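K.L.:
Just so it is clear, I am handing over final15.cif, which has mmCIF, C-alpha atoms and all ligand atoms.
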```
data_query
loop_
_atom_site.group_PDB
_atom_site.id
_atom_site.type_symbol
_atom_site.label_atom_id
_atom_site.label_comp_id
_atom_site.auth_asym_id
_atom_site.auth_seq_id
_atom_site.Cartn_x
_atom_site.Cartn_y
_atom_site.Cartn_z
ATOM 1 C CA MET A 1043 21.957 230.404 55.648
ATOM 2 C CA GLY A 1044 21.005 229.235 59.116
ATOM 3 C CA LYS A 1045 20.426 231.269 62.263
ATOM 4 C CA GLU A 1046 22.827 232.726 64.789
ATOM 5 C CA HIS A 1047 22.265 232.820 68.577
ATOM 6 C CA GLY A 1048 25.333 234.375 70.168
ATOM 7 C CA LEU A 1049 28.139 231.984 69.256
ATOM 8 C CA MET A 1050 25.687 229.238 68.291
ATOM 9 C CA HIS A 1051 24.821 228.526 64.671
ATOM 10 C CA ILE A 1052 21.641 226.588 63.788
ATOM 11 C CA GLU A 1053 21.151 224.837 60.439
ATOM 12 C CA THR A 1054 17.919 223.156 59.358
ATOM 13 C CA LEU A 1055 18.253 219.401 58.614
ATOM 14 C CA SER A 1056 15.157 218.959 56.420
ATOM 15 C CA THR A 1057 11.942 220.718 55.347
ATOM 16 C CA ASN A 1058 9.770 219.321 58.116
ATOM 17 C CA ILE A 1059 11.946 218.368 61.050
ATOM 18 C CA GLY A 1060 15.361 218.615 62.674
ATOM 19 C CA ALA A 1061 18.208 221.079 63.132
ATOM 20 C CA GLU A 1062 21.935 220.904 63.640
ATOM 21 C CA ILE A 1063 23.579 223.208 66.197
ATOM 22 C CA PHE A 1064 27.242 224.188 65.940
ATOM 23 C CA ASN A 1065 29.487 226.062 68.389
ATOM 24 C CA ALA A 1066 27.264 225.363 71.410
ATOM 25 C CA ASP A 1067 28.539 224.326 74.816
ATOM 26 C CA ILE A 1068 25.734 222.549 76.644
ATOM 27 C CA ARG A 1069 27.559 223.069 79.961
ATOM 28 C CA ASP A 1070 26.884 226.815 79.579
ATOM 29 C CA LYS A 1071 23.452 227.387 81.138
ATOM 30 C CA THR A 1072 23.067 230.761 79.408
ATOM 31 C CA GLN A 1073 22.730 228.881 76.111
ATOM 32 C CA PHE A 1074 19.780 226.776 77.264
ATOM 33 C CA ASP A 1075 16.982 229.201 76.280
ATOM 34 C CA ALA A 1076 18.122 229.207 72.643
ATOM 35 C CA ILE A 1077 18.422 225.386 72.667
ATOM 36 C CA TRP A 1078 14.932 225.072 74.190
ATOM 37 C CA GLU A 1079 13.445 227.386 71.529
ATOM 38 C CA ALA A 1080 15.164 225.326 68.807
ATOM 39 C CA PHE A 1081 13.828 222.104 70.412
ATOM 40 C CA LYS A 1082 10.256 223.489 70.277
ATOM 41 C CA GLU A 1083 10.677 224.615 66.667
ATOM 42 C CA TYR A 1084 12.477 221.591 65.147
ATOM 43 C CA SER A 1085 11.537 218.633 67.474
ATOM 44 C CA VAL A 1086 14.954 217.031 66.789
ATOM 45 C CA LEU A 1087 18.346 218.612 67.445
ATOM 46 C CA VAL A 1088 21.878 217.407 67.018
ATOM 47 C CA ILE A 1089 24.270 219.547 69.035
ATOM 48 C CA ARG A 1090 27.676 218.881 67.577
ATOM 49 C CA ASN A 1091 30.921 218.119 69.328
ATOM 50 C CA GLN A 1092 30.215 218.138 73.076
ATOM 51 C CA ALA A 1093 33.112 217.007 75.283
ATOM 52 C CA ILE A 1094 31.005 216.242 78.363
ATOM 53 C CA THR A 1095 31.020 213.876 81.313
ATOM 54 C CA PRO A 1096 27.948 211.816 82.301
ATOM 55 C CA GLU A 1097 27.333 214.352 85.109
ATOM 56 C CA GLU A 1098 27.333 217.208 82.586
ATOM 57 C CA HIS A 1099 24.993 215.217 80.330
ATOM 58 C CA LEU A 1100 22.644 214.894 83.325
ATOM 59 C CA ALA A 1101 22.923 218.572 84.302
ATOM 60 C CA PHE A 1102 22.010 219.609 80.737
ATOM 61 C CA SER A 1103 19.085 217.145 80.639
ATOM 62 C CA ARG A 1104 17.665 218.334 83.966
ATOM 63 C CA GLN A 1105 17.019 221.739 82.385
ATOM 64 C CA PHE A 1106 14.383 220.060 80.172
ATOM 65 C CA GLY A 1107 12.559 218.474 83.123
ATOM 66 C CA GLN A 1108 12.713 215.617 85.607
ATOM 67 C CA ILE A 1109 14.625 212.518 84.576
ATOM 68 C CA ASN A 1110 12.559 209.404 83.841
ATOM 69 C CA ILE A 1111 14.516 206.248 84.615
ATOM 70 C CA ASN A 1112 13.991 203.670 81.874
ATOM 71 C CA ARG A 1113 12.787 200.426 83.484
ATOM 72 C CA PHE A 1114 14.220 198.039 80.906
ATOM 73 C CA PHE A 1115 17.608 199.281 79.675
ATOM 74 C CA GLN A 1116 20.900 198.637 81.440
ATOM 75 C CA PRO A 1117 22.008 201.712 83.394
ATOM 76 C CA LEU A 1118 25.490 203.136 83.168
ATOM 77 C CA GLU A 1119 27.612 202.055 86.137
ATOM 78 C CA ASN A 1120 26.922 204.352 89.137
ATOM 79 C CA GLN A 1121 24.550 206.433 86.969
ATOM 80 C CA PRO A 1122 21.040 204.926 87.249
ATOM 81 C CA GLU A 1123 19.534 207.851 85.303
ATOM 82 C CA ILE A 1124 21.612 207.144 82.184
ATOM 83 C CA SER A 1125 20.705 204.187 79.949
ATOM 84 C CA VAL A 1126 23.311 202.360 77.924
ATOM 85 C CA VAL A 1127 22.392 201.896 74.259
ATOM 86 C CA GLU A 1128 25.098 199.581 72.989
ATOM 87 C CA LYS A 1129 25.736 197.130 70.171
ATOM 88 C CA LEU A 1130 28.790 194.888 70.294
ATOM 89 C CA ALA A 1131 30.587 193.790 67.158
ATOM 90 C CA ASN A 1132 29.195 190.248 67.550
ATOM 91 C CA GLN A 1133 25.550 191.279 68.162
ATOM 92 C CA ARG A 1134 22.972 191.357 65.361
ATOM 93 C CA ARG A 1135 20.095 193.274 66.928
ATOM 94 C CA ALA A 1136 20.376 197.000 67.681
ATOM 95 C CA ILE A 1137 18.346 198.573 70.475
ATOM 96 C CA GLY A 1138 15.668 200.770 68.888
ATOM 97 C CA GLN A 1139 16.152 199.448 65.357
ATOM 98 C CA ASP A 1140 12.421 199.527 64.546
ATOM 99 C CA TRP A 1141 10.310 202.680 64.265
ATOM 100 C CA HIS A 1142 9.034 203.697 67.690
ATOM 101 C CA THR A 1143 8.289 206.487 70.124
ATOM 102 C CA ASP A 1144 10.072 206.085 73.464
ATOM 103 C CA HIS A 1145 7.785 205.111 76.363
ATOM 104 C CA SER A 1146 4.467 205.495 74.487
ATOM 105 C CA TYR A 1147 3.189 202.627 76.709
ATOM 106 C CA ASP A 1148 3.081 205.055 79.664
ATOM 107 C CA ALA A 1149 -0.064 207.088 80.358
ATOM 108 C CA ALA A 1150 2.218 210.138 80.702
ATOM 109 C CA PRO A 1151 4.778 209.287 77.996
ATOM 110 C CA ALA A 1152 8.301 210.645 78.160
ATOM 111 C CA MET A 1153 8.675 214.171 76.827
ATOM 112 C CA GLY A 1154 11.994 213.609 75.166
ATOM 113 C CA SER A 1155 15.290 211.802 75.052
ATOM 114 C CA ILE A 1156 18.814 213.203 75.118
ATOM 115 C CA MET A 1157 21.528 210.955 73.721
ATOM 116 C CA HIS A 1158 25.316 211.380 73.755
ATOM 117 C CA ALA A 1159 27.363 209.589 71.072
ATOM 118 C CA ILE A 1160 30.274 207.897 72.850
ATOM 119 C CA ALA A 1161 31.611 205.389 70.278
ATOM 120 C CA LEU A 1162 30.511 205.032 66.672
ATOM 121 C CA PRO A 1163 31.006 202.467 63.933
ATOM 122 C CA PRO A 1164 33.136 203.488 60.931
ATOM 123 C CA TYR A 1165 29.962 203.714 58.811
ATOM 124 C CA GLY A 1166 26.186 203.530 59.341
ATOM 125 C CA GLY A 1167 24.428 203.698 62.698
ATOM 126 C CA ASP A 1168 22.522 206.908 61.869
ATOM 127 C CA THR A 1169 19.235 207.658 63.626
ATOM 128 C CA LEU A 1170 16.191 208.500 61.501
ATOM 129 C CA PHE A 1171 13.258 210.611 62.705
ATOM 130 C CA VAL A 1172 9.724 211.284 61.434
ATOM 131 C CA SER A 1173 7.682 214.439 62.047
ATOM 132 C CA MET A 1174 4.295 213.173 63.194
ATOM 133 C CA ALA A 1175 2.645 216.585 62.775
ATOM 134 C CA SER A 1176 3.798 216.825 59.147
ATOM 135 C CA ALA A 1177 2.591 213.289 58.497
ATOM 136 C CA PHE A 1178 -0.828 214.186 59.952
ATOM 137 C CA GLU A 1179 -1.081 217.487 58.069
ATOM 138 C CA ALA A 1180 -0.414 215.701 54.760
ATOM 139 C CA LEU A 1181 -3.635 213.661 55.159
ATOM 140 C CA ASN A 1182 -6.870 214.987 53.655
ATOM 141 C CA ASP A 1183 -9.576 216.579 55.863
ATOM 142 C CA GLU A 1184 -11.781 213.504 55.802
ATOM 143 C CA LYS A 1185 -9.000 211.199 57.009
ATOM 144 C CA GLN A 1186 -7.916 213.700 59.653
ATOM 145 C CA LEU A 1187 -11.472 213.911 61.004
ATOM 146 C CA PHE A 1188 -11.846 210.114 61.036
ATOM 147 C CA LEU A 1189 -8.530 209.613 62.869
ATOM 148 C CA LYS A 1190 -9.350 212.303 65.433
ATOM 149 C CA GLY A 1191 -12.223 210.126 66.648
ATOM 150 C CA LEU A 1192 -9.987 207.108 67.377
ATOM 151 C CA SER A 1193 -7.873 205.888 70.281
ATOM 152 C CA ALA A 1194 -5.272 203.127 70.426
ATOM 153 C CA ILE A 1195 -3.771 200.848 73.061
ATOM 154 C CA HIS A 1196 -0.003 200.970 73.565
ATOM 155 C CA SER A 1197 1.849 198.357 75.618
ATOM 156 C CA SER A 1198 5.320 197.482 76.882
ATOM 157 C CA LYS A 1199 4.460 193.796 77.379
ATOM 158 C CA HIS A 1200 5.051 192.395 73.890
ATOM 159 C CA VAL A 1201 8.401 194.210 73.636
ATOM 160 C CA PHE A 1202 9.944 193.968 77.118
ATOM 161 C CA GLY A 1203 7.732 191.515 79.069
ATOM 162 C CA LYS A 1204 7.987 187.780 79.765
ATOM 163 C CA GLN A 1205 5.659 187.084 76.829
ATOM 164 C CA LYS A 1206 7.611 189.256 74.414
ATOM 165 C CA GLN A 1207 7.237 188.568 70.699
ATOM 166 C CA SER A 1208 10.046 186.537 69.154
ATOM 167 C CA LYS A 1209 11.397 189.484 67.165
ATOM 168 C CA TYR A 1210 12.070 191.347 70.439
ATOM 169 C CA ARG A 1211 13.820 188.369 72.117
ATOM 170 C CA ASP A 1212 17.425 189.188 72.840
ATOM 171 C CA ASP A 1213 19.550 187.266 75.331
ATOM 172 C CA SER A 1214 22.415 189.759 75.276
ATOM 173 C CA GLY A 1215 21.412 191.166 78.689
ATOM 174 C CA ARG A 1216 21.020 194.685 77.234
ATOM 175 C CA THR A 1217 17.415 194.800 78.430
ATOM 176 C CA GLY A 1218 15.962 193.248 81.580
ATOM 177 C CA ASN A 1219 13.313 193.583 84.305
ATOM 178 C CA GLU A 1220 10.729 191.663 82.272
ATOM 179 C CA GLU A 1221 8.472 191.576 85.337
ATOM 180 C CA LEU A 1222 8.204 195.383 85.235
ATOM 181 C CA ALA A 1223 6.651 195.322 81.748
ATOM 182 C CA ILE A 1224 3.035 195.768 82.865
ATOM 183 C CA GLN A 1225 2.157 199.070 81.202
ATOM 184 C CA ASP A 1226 -0.877 199.478 78.944
ATOM 185 C CA ALA A 1227 -2.037 202.972 78.016
ATOM 186 C CA LEU A 1228 -4.839 204.318 75.861
ATOM 187 C CA HIS A 1229 -3.895 207.371 73.770
ATOM 188 C CA PRO A 1230 -5.809 209.286 71.123
ATOM 189 C CA VAL A 1231 -4.555 208.408 67.615
ATOM 190 C CA VAL A 1232 -4.157 212.164 67.074
ATOM 191 C CA ILE A 1233 -2.751 214.253 69.913
ATOM 192 C CA THR A 1234 -2.431 217.983 70.309
ATOM 193 C CA HIS A 1235 1.204 218.573 71.112
ATOM 194 C CA PRO A 1236 1.539 220.032 74.644
ATOM 195 C CA LEU A 1237 4.207 222.581 73.587
ATOM 196 C CA SER A 1238 3.395 223.545 69.996
ATOM 197 C CA GLY A 1239 -0.402 223.048 70.005
ATOM 198 C CA ARG A 1240 0.016 221.274 66.633
ATOM 199 C CA ASP A 1241 -1.988 218.108 65.967
ATOM 200 C CA GLY A 1242 0.085 215.021 65.171
ATOM 201 C CA LEU A 1243 -0.297 211.274 64.844
ATOM 202 C CA TYR A 1244 0.488 209.302 67.993
ATOM 203 C CA VAL A 1245 0.706 205.621 67.038
ATOM 204 C CA ASN A 1246 3.907 203.707 66.339
ATOM 205 C CA PRO A 1247 4.805 200.269 64.946
ATOM 206 C CA THR A 1248 6.620 199.036 68.084
ATOM 207 C CA PHE A 1249 4.393 199.846 71.051
ATOM 208 C CA THR A 1250 0.905 200.444 69.567
ATOM 209 C CA GLU A 1251 -1.139 197.243 69.770
ATOM 210 C CA SER A 1252 -4.506 198.123 68.293
ATOM 211 C CA VAL A 1253 -7.078 200.791 67.598
ATOM 212 C CA THR A 1254 -10.046 200.462 69.939
ATOM 213 C CA GLY A 1255 -13.726 200.360 68.928
ATOM 214 C CA VAL A 1256 -13.078 198.681 65.547
ATOM 215 C CA SER A 1257 -12.489 195.061 64.550
ATOM 216 C CA SER A 1258 -8.986 193.614 64.755
ATOM 217 C CA LYS A 1259 -8.915 193.509 60.936
ATOM 218 C CA GLU A 1260 -9.914 197.182 60.653
ATOM 219 C CA SER A 1261 -7.356 198.122 63.302
ATOM 220 C CA LYS A 1262 -4.596 196.391 61.297
ATOM 221 C CA THR A 1263 -5.740 198.137 58.103
ATOM 222 C CA ILE A 1264 -5.791 201.581 59.738
ATOM 223 C CA LEU A 1265 -2.421 201.173 61.463
ATOM 224 C CA GLY A 1266 -0.803 199.577 58.407
ATOM 225 C CA ALA A 1267 -1.924 202.482 56.189
ATOM 226 C CA LEU A 1268 -0.705 205.061 58.707
ATOM 227 C CA TYR A 1269 2.676 203.352 59.137
ATOM 228 C CA ARG A 1270 3.226 203.253 55.365
ATOM 229 C CA HIS A 1271 2.244 206.928 55.099
ATOM 230 C CA CYS A 1272 4.525 208.028 57.966
ATOM 231 C CA GLN A 1273 7.567 206.317 56.463
ATOM 232 C CA SER A 1274 7.646 208.692 53.502
ATOM 233 C CA PRO A 1275 11.069 210.411 53.295
ATOM 234 C CA ASN A 1276 9.139 213.735 53.025
ATOM 235 C CA PHE A 1277 8.553 213.696 56.776
ATOM 236 C CA GLN A 1278 12.011 212.521 57.820
ATOM 237 C CA CYS A 1279 15.386 213.772 58.914
ATOM 238 C CA ARG A 1280 18.553 211.863 59.709
ATOM 239 C CA ILE A 1281 21.234 212.343 62.343
ATOM 240 C CA LYS A 1282 24.619 211.271 61.000
ATOM 241 C CA TRP A 1283 26.448 211.019 64.290
ATOM 242 C CA LYS A 1284 29.966 212.079 65.094
ATOM 243 C CA THR A 1285 31.574 211.161 68.406
ATOM 244 C CA GLY A 1286 30.615 213.723 71.062
ATOM 245 C CA ASP A 1287 27.351 214.791 69.434
ATOM 246 C CA VAL A 1288 24.295 215.206 71.655
ATOM 247 C CA GLY A 1289 20.931 214.407 70.051
ATOM 248 C CA VAL A 1290 17.712 215.727 71.570
ATOM 249 C CA TRP A 1291 14.271 214.625 70.388
ATOM 250 C CA ASP A 1292 10.662 215.219 71.323
ATOM 251 C CA ASN A 1293 8.858 211.915 71.779
ATOM 252 C CA ARG A 1294 5.394 213.467 71.446
ATOM 253 C CA ALA A 1295 6.258 214.882 68.023
ATOM 254 C CA THR A 1296 8.388 212.155 66.432
ATOM 255 C CA TRP A 1297 9.142 208.553 65.652
ATOM 256 C CA HIS A 1298 12.720 207.368 65.466
ATOM 257 C CA LYS A 1299 14.780 204.285 64.671
ATOM 258 C CA ALA A 1300 18.450 203.366 64.876
ATOM 259 C CA GLU A 1301 19.775 202.170 61.533
ATOM 260 C CA ASN A 1302 21.246 198.717 62.076
ATOM 261 C CA ASN A 1303 23.664 198.659 59.138
ATOM 262 C CA TYR A 1304 27.109 198.266 60.745
ATOM 263 C CA HIS A 1305 27.362 194.578 61.773
ATOM 264 C CA GLY A 1306 30.822 193.643 63.006
ATOM 265 C CA HIS A 1307 31.401 197.094 64.536
ATOM 266 C CA TYR A 1308 30.797 198.668 67.951
ATOM 267 C CA ARG A 1309 28.393 201.525 68.774
ATOM 268 C CA LEU A 1310 27.760 203.062 72.219
ATOM 269 C CA MET A 1311 25.347 205.840 73.145
ATOM 270 C CA HIS A 1312 24.285 207.175 76.566
ATOM 271 C CA ARG A 1313 20.592 208.052 76.699
ATOM 272 C CA ILE A 1314 18.654 210.097 79.244
ATOM 273 C CA THR A 1315 14.862 210.287 79.122
ATOM 274 C CA ILE A 1316 12.798 213.235 80.365
ATOM 275 C CA GLU A 1317 9.435 212.884 82.104
ATOM 276 C CA GLY A 1318 6.378 213.999 80.168
ATOM 277 C CA CYS A 1319 2.780 214.802 81.037
ATOM 278 C CA THR A 1320 -0.519 213.023 80.474
ATOM 279 C CA LEU A 1321 -1.702 213.760 76.954
ATOM 280 C CA SER A 1322 -5.208 215.108 76.606
ATOM 281 C CA GLY A 1323 -7.531 212.094 76.236
ATOM 282 C CA SER A 1324 -4.947 209.512 77.390
ATOM 283 C CA LYS A 1325 -5.397 207.111 80.260
ATOM 284 C CA SER A 1326 -3.591 204.309 81.989
ATOM 285 C CA LEU A 1327 -5.293 200.915 81.662
ATOM 286 C CA ALA A 1328 -5.201 198.360 84.482
ATOM 287 C CA GLN A 1329 -1.593 197.322 85.085
ATOM 288 C CA VAL A 1330 -1.565 193.549 85.167
ATOM 289 C CA PRO A 1331 1.459 191.333 84.506
HETATM 290 C C1 LIG A 1401 16.693 204.702 70.847
HETATM 291 O O1 LIG A 1401 15.832 204.107 70.229
HETATM 292 O O2 LIG A 1401 16.407 205.373 71.806
HETATM 293 C C2 LIG A 1401 18.128 204.617 70.397
HETATM 294 C C3 LIG A 1401 18.324 205.242 69.069
HETATM 295 C C4 LIG A 1401 19.713 205.058 68.548
HETATM 296 O O3 LIG A 1401 20.499 204.319 69.143
HETATM 297 O O4 LIG A 1401 20.032 205.666 67.534
#
```
What's the structure tokens form of this structure?
P.N.:
Amino acid sequence: MGKEHGLMHIETLSTNIGAEIFNADIRDKTQFDAIWEAFKEYSVLVIRNQAITPEEHLAFSRQFGQININRFFQPLENQPEISVVEKLANQRRAIGQDWHTDHSYDAAPAMGSIMHAIALPPYGGDTLFVSMASAFEALNDEKQLFLKGLSAIHSSKHVFGKQKQSKYRDDSGRTGNEELAIQDALHPVVITHPLSGRDGLYVNPTFTESVTGVSSKESKTILGALYRHCQSPNFQCRIKWKTGDVGVWDNRATWHKAENNYHGHYRLMHRITIEGCTLSGSKSLAQVP
């Protein structure tokens, strides 16, 4: 099974989302068109076994678009465009361990993220993804219509800011720049994906604060029901990393989370984020600390 593109072989990871690419060399620019087509089709890719330098990681990423420098993560030494996603053997919290969509607090949220697996624990540490279009399409017509009329506020403040919630407190120094956490954005609860034209849910448990135009209780009920629905394994795929793999995901089409099930072991990933565009119906709210 699978598909062939020149030397490359593409295998589907699950019914609704994700593909695994073998025999690619991301340094070879002639392979990019096939990788881009696979990215549009599957939303999540794991390109196996890439022996690349940080510069080659950047050169590959630049083919997707402009690099967006993450404000809060530690950068790699001498490489401000590459974020370090690291968990030491003596740390308990893993960066990105809760379901989220990278940078949804921005009015023009990041298009995607491109992560290189540098050091992995002996077990665990997979990344899980959800297809937000599949989750939306599984809802009945009445629910879809109701959700299409709603918008929600997303924020960076309660996760990265000075007033962050206790569950996001982490004095390991892996995140910083609390004073830069001033972003609030309003996005439709259902977005039309800028590349595929498919409708998908665009709320997530980490950065979405509330649905607007309803009471706080109703907002909690709506978001709680959506979060339970989206976590169904039917909409998911899993990357089981091997050292050297490069994962690529579309932030407008997915949720993801890093499984934090390898305490006592080390994990290191290098992540690059790609600029996105303003989603139809989204806007930036006043940026106040
Ligand atoms: C992230 O949330 O961007 C990191 C995911 C991971 O480390 O698997």
K.L.:
Using all atoms listed in the file, pick whichever of A:Thr1143, A:Ser1085, A:Asn1065, A:Gln1273 has the shortest atom-to-atom distance to A:Thr1248.
P.N.:
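Looking only at the distances to A:Thr1248, the closest residue turns out to be A:Thr1143.
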K.L.:
Do you have the atom CA of A:Trp1078-atom CA of A:Leu1237 distance handy?
P.N.:
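Answer for the atom CA of A:Trp1078 to atom CA of A:Leu1237 separation: 11.0 Å.
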K.L.:
Enumerate residues in contact with ligand LIG 1401 (chain A): an atom-to-atom distance of at most 7 Å, counting all atoms listed in the file. Format the result as a list in words.
P.N.:
Val1127, Ile1137, Gly1138, Gln1139, Asp1144, Gly1167, Asp1168, Thr1169, His1298, Lys1299, Ala1300, Glu1301, Met1311 and Arg1313 of chain A
K.L.:
From the options A:Ile1068, A:Phe1178, A:Pro1096, A:Tyr1210, which residue's atoms come nearest to A:Glu1119, counting only C-alpha atoms?
P.N.:
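Nearest to A:Glu1119: A:Pro1096.
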K.L.:
Restricting the calculation to all atoms listed in the file, which member of A:Arg1216, A:Lys1209, A:His1271, A:Lys1082 is positioned closest to A:Trp1291?
P.N.:
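Counting all atoms listed in the file, the residue closest to A:Trp1291 is A:Lys1082.
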K.L.:
Name the residues that the PyMOL selection byres (((chain A and resi 1155) around 10) and not hetatm) pulls out of this structure, and write them as a list in words.
P.N.:
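Here the PyMOL selection byres (((chain A and resi 1155) around 10) and not hetatm) matches Val1086, Ser1103, Phe1106, Ile1109, Asn1110, Asp1144, Ala1152, Met1153, Gly1154, Ile1156, Met1157, Gly1289, Val1290, Trp1291, Asp1292, Asn1293, Arg1313, Ile1314, Thr1315, Ile1316 and Glu1317 of chain A.
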K.L.:
Could you jot down the atom CA of A:Leu1265 to atom CA of A:Gly1323 separation for me, Å, one decimal place?
P.N.:
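Between these atoms lies a distance of 19.1 Å.
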K.L.:
So how many Å separate atom CA of A:Ser1208 and atom CA of A:Gln1116, to one decimal?
P.N.:
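The value is 20.4 Å.
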K.L.:
Skipping near chain neighbours, those fewer than 3 positions away, what residues fall within 7 Å of A:Glu1251 using all atoms listed in the file, listed as a ChimeraX atom specification?
P.N.:
/A:1195-1197
K.L.:
Name all residues at most 12 Å from stretch 1202-1205 of chain A (count all atoms listed in the file; drop same-chain ones fewer than 6 positions away) and give them as number ranges by chain.
P.N.:
A: 1112-1115, 1137, 1145, 1147, 1211-1213, 1215-1226, 1248-1249, 1330-1331
K.L.:
Hey, what comes out of the PyMOL selection byres (((chain A and resi 1264) around 12) and not hetatm) on this file? Could you write it as a ChimeraX atom specification?
P.N.:
/A:1185,1188-1189,1192-1194,1231,1245-1247,1250-1254,1256-1263,1265-1271
K.L.:
Taking into account only C-alpha atoms, which residue in the set A:Pro1236, A:Pro1151, A:Gly1242, A:Gly1318 is nearest to A:Gln1186?
P.N.:
A:Gly1242
K.L.:
Give me the box for stretch 1126-1132 of chain A as JSON, namely the centre and edge lengths in Å to one decimal of a box along x, y and z that holds every listed atom plus 3 Å on each side.
P.N.:
```
{"center_x": 26.5, "center_y": 196.3, "center_z": 72.5, "size_x": 14.2, "size_y": 18.1, "size_z": 16.8}
```
K.L.:
Translate the PyMOL selection byres (((chain A and resi 1084) around 12) and not hetatm) into a concrete residue list for this structure, as a PyMOL selection string.
P.N.:
chain A and resi 1052-1063+1077-1083+1085-1088+1171-1176+1237-1238+1278-1279+1290-1292+1295-1296
K.L.:
Can you find the residues with an atom no farther than 10 Å from (26.6, 202.8, 61.4), counting only C-alpha atoms, and report them as a list of chain:residue names?
P.N.:
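Taken together, the residues in range are A:Leu1162, A:Pro1163, A:Pro1164, A:Tyr1165, A:Gly1166, A:Gly1167, A:Asp1168, A:Thr1169, A:Lys1282, A:Trp1283, A:Ala1300, A:Glu1301, A:Asn1302, A:Asn1303, A:Tyr1304, A:His1305, A:His1307, A:Tyr1308, A:Arg1309.
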K.L.:
Taking into account only C-alpha atoms, which residue in the set A:Arg1069, A:Lys1325, A:His1051, A:Arg1280 is nearest to A:Ala1149?
P.N.:
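So, comparing all the options, the nearest one is A:Lys1325.
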